[in-house]
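J.: The following file, entry-v7.cif, comprises mmCIF, C-alpha atoms:
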```
data_upload
loop_
_atom_site.label_atom_id
_atom_site.label_comp_id
_atom_site.auth_asym_id
_atom_site.auth_seq_id
_atom_site.Cartn_x
_atom_site.Cartn_y
_atom_site.Cartn_z
CA MET A 10 -67.51 248.58 207.87
CA GLY A 11 -65.95 250.59 205.10
CA PRO A 12 -68.63 251.64 202.63
CA ARG A 13 -66.27 250.98 199.72
CA VAL A 14 -65.50 247.42 200.86
CA THR A 15 -69.19 246.84 201.46
CA ARG A 16 -70.08 248.05 197.97
CA LEU A 17 -67.37 245.87 196.48
CA LEU A 18 -68.58 242.77 198.35
CA LEU A 19 -72.19 243.48 197.46
CA ARG A 20 -71.22 243.43 193.79
CA LEU A 21 -70.25 239.78 194.26
CA ILE A 22 -73.84 238.99 195.26
CA PRO A 23 -76.59 238.62 192.61
CA GLU A 24 -78.24 241.98 192.00
CA ARG A 25 -81.69 240.68 192.97
CA ASP A 26 -80.39 239.91 196.48
CA ARG A 27 -78.23 242.96 197.21
CA GLU A 28 -80.81 245.25 198.77
CA ALA A 29 -82.29 242.43 200.83
CA VAL A 30 -78.86 241.31 202.07
CA GLU A 31 -77.96 244.85 203.14
CA GLY A 32 -81.26 245.23 204.96
CA ASP A 33 -81.09 241.76 206.54
CA LEU A 34 -77.63 242.47 207.93
CA LEU A 35 -78.84 245.77 209.37
CA GLU A 36 -81.90 244.07 210.84
CA ALA A 37 -80.43 240.87 212.24
CA GLY A 38 -76.74 240.76 211.39
CA PRO A 39 -73.71 241.24 213.61
CA PRO A 40 -72.95 244.79 214.79
CA PRO A 41 -71.18 247.08 212.32
CA GLY A 42 -67.48 246.37 212.04
CA VAL A 43 -65.30 243.41 211.29
CA ARG A 44 -67.93 240.79 212.21
CA ARG A 45 -70.47 242.23 209.80
CA LEU A 46 -67.80 242.41 207.12
CA VAL A 47 -66.99 238.72 207.72
CA ALA A 48 -70.70 237.87 207.44
CA LEU A 49 -70.87 239.70 204.12
CA VAL A 50 -67.73 237.94 202.87
CA GLY A 51 -69.37 234.60 203.73
CA ILE A 52 -72.52 235.50 201.80
CA ALA A 53 -70.47 236.68 198.81
CA LEU A 54 -68.41 233.47 198.82
CA HIS A 55 -71.54 231.31 198.82
CA ALA A 56 -72.96 233.37 195.96
CA GLN A 57 -69.79 233.00 193.91
CA LEU A 58 -69.50 229.25 194.48
CA GLU A 59 -73.17 228.47 193.83
CA PRO A 60 -72.93 228.20 190.00
CA TRP A 61 -70.17 225.59 190.34
CA ARG A 62 -72.54 223.25 192.20
CA ASP A 63 -74.41 222.65 188.95
CA SER A 64 -72.73 220.03 186.74
CA ARG A 65 -73.99 221.43 183.41
CA THR A 66 -72.81 224.93 184.33
CA ARG A 67 -69.44 223.51 185.38
CA LEU A 68 -69.10 221.78 182.04
CA GLY A 69 -70.12 224.89 180.08
CA ALA A 70 -67.80 227.19 182.00
CA ALA A 71 -64.87 224.77 181.74
CA SER A 72 -65.45 224.38 177.98
CA LEU A 73 -65.45 228.15 177.44
CA TRP A 74 -62.29 228.44 179.49
CA LEU A 75 -60.50 225.76 177.48
CA VAL A 76 -61.54 227.33 174.16
CA ALA A 77 -60.33 230.73 175.39
CA LEU A 78 -57.03 229.21 176.51
CA ALA A 79 -56.62 227.51 173.13
CA LEU A 80 -57.20 230.84 171.36
CA LEU A 81 -54.68 232.60 173.62
CA TRP A 82 -52.06 230.07 172.64
CA SER A 83 -52.93 229.29 169.01
CA ILE A 84 -53.41 232.81 167.57
CA PRO A 85 -49.88 234.05 168.42
CA ALA A 86 -48.51 230.66 167.35
CA ALA A 87 -50.27 230.93 163.98
CA ALA A 88 -49.16 234.53 163.53
CA GLY A 89 -45.58 233.54 164.31
CA ALA A 90 -45.67 231.02 161.49
CA GLY A 91 -45.67 233.68 158.80
CA THR A 92 -46.12 237.33 157.88
CA PRO A 93 -48.86 239.09 155.92
CA ASP A 94 -48.59 238.50 152.19
CA PRO A 95 -48.05 241.85 150.39
CA THR A 96 -49.77 240.43 147.32
CA VAL A 97 -52.97 239.97 149.33
CA TYR A 98 -52.80 243.13 151.47
CA SER A 99 -51.69 246.56 150.36
CA GLY A 100 -51.35 250.07 151.74
CA LEU A 101 -53.24 250.73 154.98
CA LEU A 102 -54.58 247.21 155.08
CA LEU A 103 -51.04 245.83 154.93
CA ALA A 104 -49.94 248.20 157.69
CA PHE A 105 -52.87 247.08 159.84
CA ALA A 106 -52.25 243.42 159.10
CA THR A 107 -48.57 243.79 159.94
CA LEU A 108 -49.44 245.58 163.18
CA LEU A 109 -51.94 242.87 164.09
CA TRP A 110 -49.42 240.15 163.25
CA ALA A 111 -46.80 241.82 165.42
CA HIS A 112 -49.22 242.03 168.37
CA ALA A 113 -51.03 238.76 167.88
CA HIS A 114 -51.14 238.18 171.66
CA LEU A 115 -53.48 241.20 171.91
CA ALA A 116 -55.72 239.87 169.14
CA ALA A 117 -55.71 236.54 170.97
CA ALA A 118 -56.67 238.28 174.23
CA VAL A 119 -59.60 239.98 172.50
CA ALA A 120 -60.77 236.69 171.00
CA ALA A 121 -60.37 234.77 174.24
CA GLY A 122 -62.12 237.51 176.25
CA LEU A 123 -65.06 237.64 173.85
CA VAL A 124 -65.45 233.86 173.96
CA LEU A 125 -65.39 233.88 177.75
CA GLY A 126 -67.81 236.77 178.08
CA HIS A 127 -70.18 235.97 175.25
CA GLY A 128 -69.89 232.24 174.58
CA PRO A 129 -72.88 229.89 175.01
CA GLY A 130 -73.30 227.06 177.50
CA VAL A 131 -73.45 229.07 180.70
CA PRO A 132 -76.88 230.24 181.91
CA SER A 133 -77.28 233.92 182.78
CA TRP A 134 -77.66 233.25 186.52
CA ALA A 135 -74.20 231.69 186.43
CA ASP A 136 -72.46 234.57 184.65
CA GLY A 137 -70.07 234.82 187.59
CA THR A 138 -68.24 231.78 186.24
CA ARG A 139 -67.26 233.84 183.19
CA GLY A 140 -65.53 236.31 185.51
CA HIS A 141 -63.82 233.45 187.34
CA GLY A 142 -62.60 232.15 183.99
CA ALA A 143 -61.23 235.57 183.04
CA LEU A 144 -59.39 235.78 186.37
CA LEU A 145 -57.91 232.30 185.88
CA LEU A 146 -56.75 233.19 182.36
CA ALA A 147 -54.78 236.19 183.58
CA LEU A 148 -51.65 234.18 184.32
CA PRO A 149 -51.49 232.31 180.99
CA ALA A 150 -52.32 235.54 179.13
CA ALA A 151 -49.55 237.43 180.91
CA THR A 152 -46.95 234.73 180.41
CA LEU A 153 -47.75 234.15 176.73
CA ALA A 154 -47.14 237.85 175.95
CA PRO A 155 -43.56 239.09 175.44
CA GLY A 156 -42.40 241.09 178.46
CA LEU A 157 -44.04 242.46 181.59
CA LEU A 158 -45.68 245.51 180.03
CA HIS A 159 -47.16 243.50 177.16
CA GLY A 160 -48.30 240.94 179.69
CA LEU A 161 -50.15 243.51 181.77
CA VAL A 162 -51.72 245.10 178.69
CA THR A 163 -52.76 241.67 177.42
CA VAL A 164 -54.49 240.87 180.73
CA ALA A 165 -56.25 244.24 180.66
CA VAL A 166 -57.38 243.65 177.07
CA LEU A 167 -58.57 240.13 177.96
CA TRP A 168 -60.64 241.38 180.91
CA GLY A 169 -61.99 244.29 178.89
CA ALA A 170 -63.08 241.99 176.06
CA ALA A 171 -64.67 239.57 178.53
CA TRP A 172 -66.58 242.43 180.19
CA PHE A 173 -67.67 243.76 176.80
CA GLY A 174 -68.76 240.30 175.65
CA ALA A 175 -70.76 239.68 178.83
CA ARG A 176 -72.38 243.10 178.57
CA ALA A 177 -73.29 242.57 174.93
CA ARG A 178 -74.80 239.22 175.85
CA ARG A 179 -77.16 240.85 178.34
CA LEU A 180 -78.36 243.51 175.89
CA PRO A 181 -81.76 242.72 174.36
CA VAL A 182 -81.67 241.76 170.70
CA ALA A 183 -83.41 244.47 168.68
CA MET B 30 -80.13 223.61 186.71
CA GLY B 31 -82.20 220.45 186.65
CA SER B 32 -84.86 220.18 189.31
CA GLY B 33 -84.01 216.71 190.61
CA PRO B 34 -84.82 215.53 194.12
CA LEU B 35 -84.72 218.05 196.94
CA GLY B 36 -81.57 218.32 198.98
CA ASP B 37 -81.67 218.23 202.75
CA LEU B 38 -81.33 221.98 203.22
CA GLU B 39 -83.72 222.68 200.34
CA ARG B 40 -86.37 220.62 202.12
CA LEU B 41 -85.83 222.49 205.37
CA VAL B 42 -85.98 225.85 203.60
CA LEU B 43 -89.23 224.97 201.82
CA LEU B 44 -90.74 223.86 205.13
CA ALA B 45 -89.57 227.07 206.80
CA VAL B 46 -91.10 229.17 204.01
CA LEU B 47 -94.33 227.21 204.39
CA ARG B 48 -94.33 227.83 208.15
CA ARG B 49 -93.63 231.56 207.88
CA GLY B 50 -96.34 232.24 205.32
CA ASP B 51 -96.32 235.92 204.31
CA ASP B 52 -93.30 236.66 206.47
CA ALA B 53 -90.76 234.34 204.81
CA TYR B 54 -87.46 236.01 204.06
CA ALA B 55 -83.84 235.00 204.65
CA VAL B 56 -83.71 236.12 208.31
CA THR B 57 -86.95 234.43 209.40
CA VAL B 58 -86.24 231.29 207.35
CA ARG B 59 -82.85 230.91 209.01
CA ASP B 60 -84.35 231.52 212.48
CA GLU B 61 -87.07 228.98 211.82
CA ILE B 62 -84.57 226.30 210.81
CA GLU B 63 -82.32 227.01 213.80
CA ARG B 64 -85.23 227.04 216.25
CA ARG B 65 -87.20 224.06 214.96
CA ALA B 66 -84.60 221.80 213.35
CA GLY B 67 -81.82 222.82 215.73
CA ARG B 68 -79.45 223.27 212.85
CA ALA B 69 -77.07 226.20 212.52
CA VAL B 70 -77.03 227.35 208.88
CA THR B 71 -74.85 230.12 207.51
CA ARG B 72 -76.52 233.19 206.03
CA GLY B 73 -74.84 232.55 202.68
CA ALA B 74 -76.28 229.03 202.48
CA ILE B 75 -79.78 230.39 203.12
CA TYR B 76 -79.53 233.04 200.39
CA VAL B 77 -78.22 230.66 197.71
CA THR B 78 -80.74 227.96 198.64
CA LEU B 79 -83.67 230.39 198.50
CA ASP B 80 -82.44 231.70 195.16
CA ARG B 81 -81.93 228.19 193.76
CA LEU B 82 -85.44 227.15 194.78
CA ALA B 83 -86.79 230.29 193.11
CA ARG B 84 -84.87 229.41 189.94
CA LYS B 85 -86.40 225.93 189.99
CA GLY B 86 -89.83 227.57 190.23
CA TYR B 87 -90.53 226.12 193.68
CA LEU B 88 -90.61 229.57 195.25
CA SER B 89 -91.65 232.96 193.98
CA SER B 90 -90.31 236.18 195.43
CA HIS B 91 -91.10 239.86 195.56
CA MET B 92 -89.57 242.86 197.28
CA SER B 93 -91.42 244.43 200.21
CA GLU B 94 -91.82 248.15 200.71
CA PRO B 95 -88.66 249.83 202.04
CA ILE B 96 -88.48 249.50 205.83
CA GLN B 97 -87.13 252.32 208.00
CA GLU B 98 -85.56 250.00 210.63
CA ARG B 99 -83.57 248.31 207.89
CA GLY B 100 -82.01 251.52 206.67
CA GLY B 101 -84.78 251.93 204.12
CA LYS B 102 -83.97 248.57 202.53
CA ALA B 103 -86.70 246.19 201.37
CA ARG B 104 -87.07 242.54 202.25
CA ARG B 105 -87.08 239.80 199.60
CA LEU B 106 -90.16 237.85 200.55
CA PHE B 107 -90.69 234.28 199.35
CA ARG B 108 -93.81 232.22 198.78
CA LEU B 109 -94.20 228.50 198.17
CA GLU B 110 -95.49 227.73 194.67
CA PRO B 111 -97.61 224.68 193.77
CA SER B 112 -94.58 223.00 192.14
CA GLY B 113 -92.64 223.56 195.38
CA ARG B 114 -95.44 222.04 197.39
CA THR B 115 -95.42 219.00 195.09
CA ALA B 116 -91.64 218.63 195.35
CA LEU B 117 -91.87 218.92 199.13
CA GLN B 118 -94.62 216.32 199.30
CA GLU B 119 -92.60 213.91 197.13
CA SER B 120 -89.57 214.43 199.34
CA LEU B 121 -91.56 213.75 202.51
CA ASP B 122 -93.17 210.71 200.87
CA GLU B 123 -89.70 209.32 200.20
CA ILE B 124 -88.83 209.49 203.89
CA THR B 125 -92.21 208.09 204.93
CA GLY B 126 -91.85 205.25 202.42
CA MET B 127 -88.44 204.34 203.75
CA LEU B 128 -89.65 204.34 207.35
CA ARG B 129 -92.94 202.52 206.80
CA GLU B 130 -93.02 199.04 208.35
CA LEU B 131 -89.43 199.40 209.37
CA ASP B 132 -88.67 197.55 212.56
CA THR B 133 -86.72 200.24 214.35
CA ASP B 134 -86.80 202.36 217.45
CA LEU B 135 -86.34 205.54 215.38
CA ARG B 136 -89.03 208.07 216.25
CA TRP B 137 -91.14 209.39 213.37
CA ASP B 138 -94.32 211.20 214.21
CA PRO B 139 -95.37 213.67 211.54
CA ALA B 140 -98.63 214.23 213.40
#
```
Can the structure from this file be put into structure tokens for me?
T.:
Amino acid sequence: MGPRVTRLLLRLIPERDREAVEGDLLEAGPPPGVRRLVALVGIALHAQLEPWRDSRTRLGAASLWLVALALLWSIPAAAGAGTPDPTVYSGLLLAFATLLWAHAHLAAAVAAGLVLGHGPGVPSWADGTRGHGALLLALPAATLAPGLLHGLVTVAVLWGAAWFGARARRLPVA
Amino acid sequence: MGSGPLGDLERLVLLAVLRRGDDAYAVTVRDEIERRAGRAVTRGAIYVTLDRLARKGYLSSHMSEPIQERGGKARRLFRLEPSGRTALQESLDEITGMLRELDTDLRWDPA
């Protein structure tokens, strides 16, 4: 079993179980190789699907996803409806506002990612659903951006913001 | 996740943990269910069920010392908590209540 693949699959299992799962497979699992890899894939799949068994978690995760999708669509739409008013913004601020307006899909990706990663309604044990949501938003995010390159950058920004939001959520409040 | 009534596999896992005592971890729990209940359960189902029962407060867990034969990896050992014992009792009472005074040839002999 490739150590890299094993490490990757173990990351899909809750941290509290990783060491035990590794040890259990060594102790009583199939012999090293494809069969052990398949066993690990099965364990990882169960771990990823577990949060979706809970109806309240399903509702929370779906709500976050819908809000994020709405942001992805509405922010560029709102930005397209007008341009920054030079009487309100001036100098560097105007330049920044114009830049932001011109790349509203990136601002939308940041907002959507932060909502997905940091939004309420999903318990910490079910944080995996936030990642699932970010994966599912990749296609809408890519297609709402103009062009392939912008699409890829938008997806990267979305995932980065979701990761950052989830990480910030886990940090203790000082 | 709300506690709610125990599921079928949850009941079996709690009983297996109870049977194994200080030696209850995923491997022995799965063996116990296969051997005694005759049911094949996937490893993944055992891990998520044990973890869910721990989240509900029915089980507590701690890591053992690292074990050489397991590549230096520890075991996650589980123990039945009083709330788990109560939930198990209620679940068994449900079955007993349904079977009591039932005119059937179904076998039911908890003794």
J.: Counting all atoms listed in the file, collect the residues of chain B whose closest atom lies at most 6 Å from chain A, and write them out as a list in words.
T.: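 So the contacting residues turn out to be Gly73, Arg99, Lys102, Ala103, Arg104 and Arg105 of chain B.
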J.: CA of Val46 (chain B) and CA of Gly67 (chain B) are how many Å apart?
T.: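 Rounded to one decimal, the two atoms are 16.2 Å apart.
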J.: Measure the distance from CA of Thr78 (chain B) to CA of Val42 (chain B) in Å and round it to one decimal.
T.: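 The value is 7.5 Å.
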J.: In Å, how far is it from CA of Gly36 (chain B) to CA of Ser120 (chain B)?
T.: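 Between these atoms lies a distance of 8.9 Å.
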J.: Mind checking which residues fall within 12 Å of Leu161 (chain A), counting only C-alpha atoms, ignoring those fewer than 4 positions away in the same chain, and posting them as JSON, numbers by chain?
T.: {"A": [114, 115, 118, 147, 148, 149, 150, 151, 152, 153, 154, 155, 156, 157, 165, 166, 167, 168]}
J.: Dump C-alpha atoms for the selected residues as a JSON list (two decimals), in the frame of the given file?
T.:
```
[["chain", "number", "residue", "atom", "x", "y", "z"],
["A", 114, "HIS", "CA", -51.14, 238.18, 171.66],
["A", 115, "LEU", "CA", -53.48, 241.20, 171.91],
["A", 118, "ALA", "CA", -56.67, 238.28, 174.23],
["A", 147, "ALA", "CA", -54.78, 236.19, 183.58],
["A", 148, "LEU", "CA", -51.65, 234.18, 184.32],
["A", 149, "PRO", "CA", -51.49, 232.31, 180.99],
["A", 150, "ALA", "CA", -52.32, 235.54, 179.13],
["A", 151, "ALA", "CA", -49.55, 237.43, 180.91],
["A", 152, "THR", "CA", -46.95, 234.73, 180.41],
["A", 153, "LEU", "CA", -47.75, 234.15, 176.73],
["A", 154, "ALA", "CA", -47.14, 237.85, 175.95],
["A", 155, "PRO", "CA", -43.56, 239.09, 175.44],
["A", 156, "GLY", "CA", -42.40, 241.09, 178.46],
["A", 157, "LEU", "CA", -44.04, 242.46, 181.59],
["A", 165, "ALA", "CA", -56.25, 244.24, 180.66],
["A", 166, "VAL", "CA", -57.38, 243.65, 177.07],
["A", 167, "LEU", "CA", -58.57, 240.13, 177.96],
["A", 168, "TRP", "CA", -60.64, 241.38, 180.91]]
```
J.: On this structure, the PyMOL selection byres ((chain B and resi 109) around 9) would catch which residues? List them as a list in words, sorted by chain and number.
T.: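 Taken on the displayed file, the PyMOL selection byres ((chain B and resi 109) around 9) yields the residues Leu43, Val46, Leu47, Gly50, Tyr87, Leu88, Ser89, Phe107, Arg108, Glu110, Pro111, Ser112, Gly113 and Arg114 of chain B.
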J.: Find, counting only C-alpha atoms, the residue in A:Val131, A:Ala104, A:Ala86, A:Ala111 that gets nearest to His159 (chain A).
T.: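 Under the stated criterion, the closest residue is A:Ala111.
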J.: Hey, can I get the axis-aligned box for region 153-167 of chain A? All listed atoms, 5 Å padding on each side, centre and edge lengths in Å to one decimal, as JSON.
T.:
```
{"center_x": -50.5, "center_y": 239.8, "center_z": 178.6, "size_x": 26.2, "size_y": 21.4, "size_z": 16.3}
```
J.: Evaluated on this file, the PyMOL selection byres ((chain B and resi 35) around 12) picks out some residues - which ones are they, written as a PyMOL selection string?
T.: chain B and resi 31-34+36-44+78+81-82+85+87+113-124
J.: Which polymer residues have any atom within 7 Å of an atom of region 82-85 of chain A, counting only C-alpha atoms, with same-chain residues fewer than 2 positions away left out, as a VMD selection string?
T.: chain A and resid 78 to 80 87 to 89 113 to 114 117
J.: Can you tell me which residues surround Asp136 (chain A) at a distance of at most 12 Å, considering only C-alpha atoms, apart from same-chain residues fewer than 5 positions away, and format the answer as a VMD selection string?
T.: chain A and resid 21 to 24 56 to 61 66 to 67 69 to 70 73 125 to 131 141 to 143 171 to 172 174 to 176 178 to 179
J.: Which is closer to Met92 (chain B) than all the others in B:Ala53, B:Leu128, B:Ala66, B:Leu135, using only C-alpha atoms?
T.: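 Of the candidates, the smallest distance to Met92 (chain B) is held by B:Ala53.
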J.: On this structure, the PyMOL selection byres ((chain A and resi 11) around 10) would catch which residues? List them as a list in words, sorted by chain and number.
T.: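 Applied to this file, the PyMOL selection byres ((chain A and resi 11) around 10) returns Met10, Pro12, Arg13, Val14, Thr15, Arg16, Leu17, Pro41, Gly42, Val43 and Leu46 of chain A.
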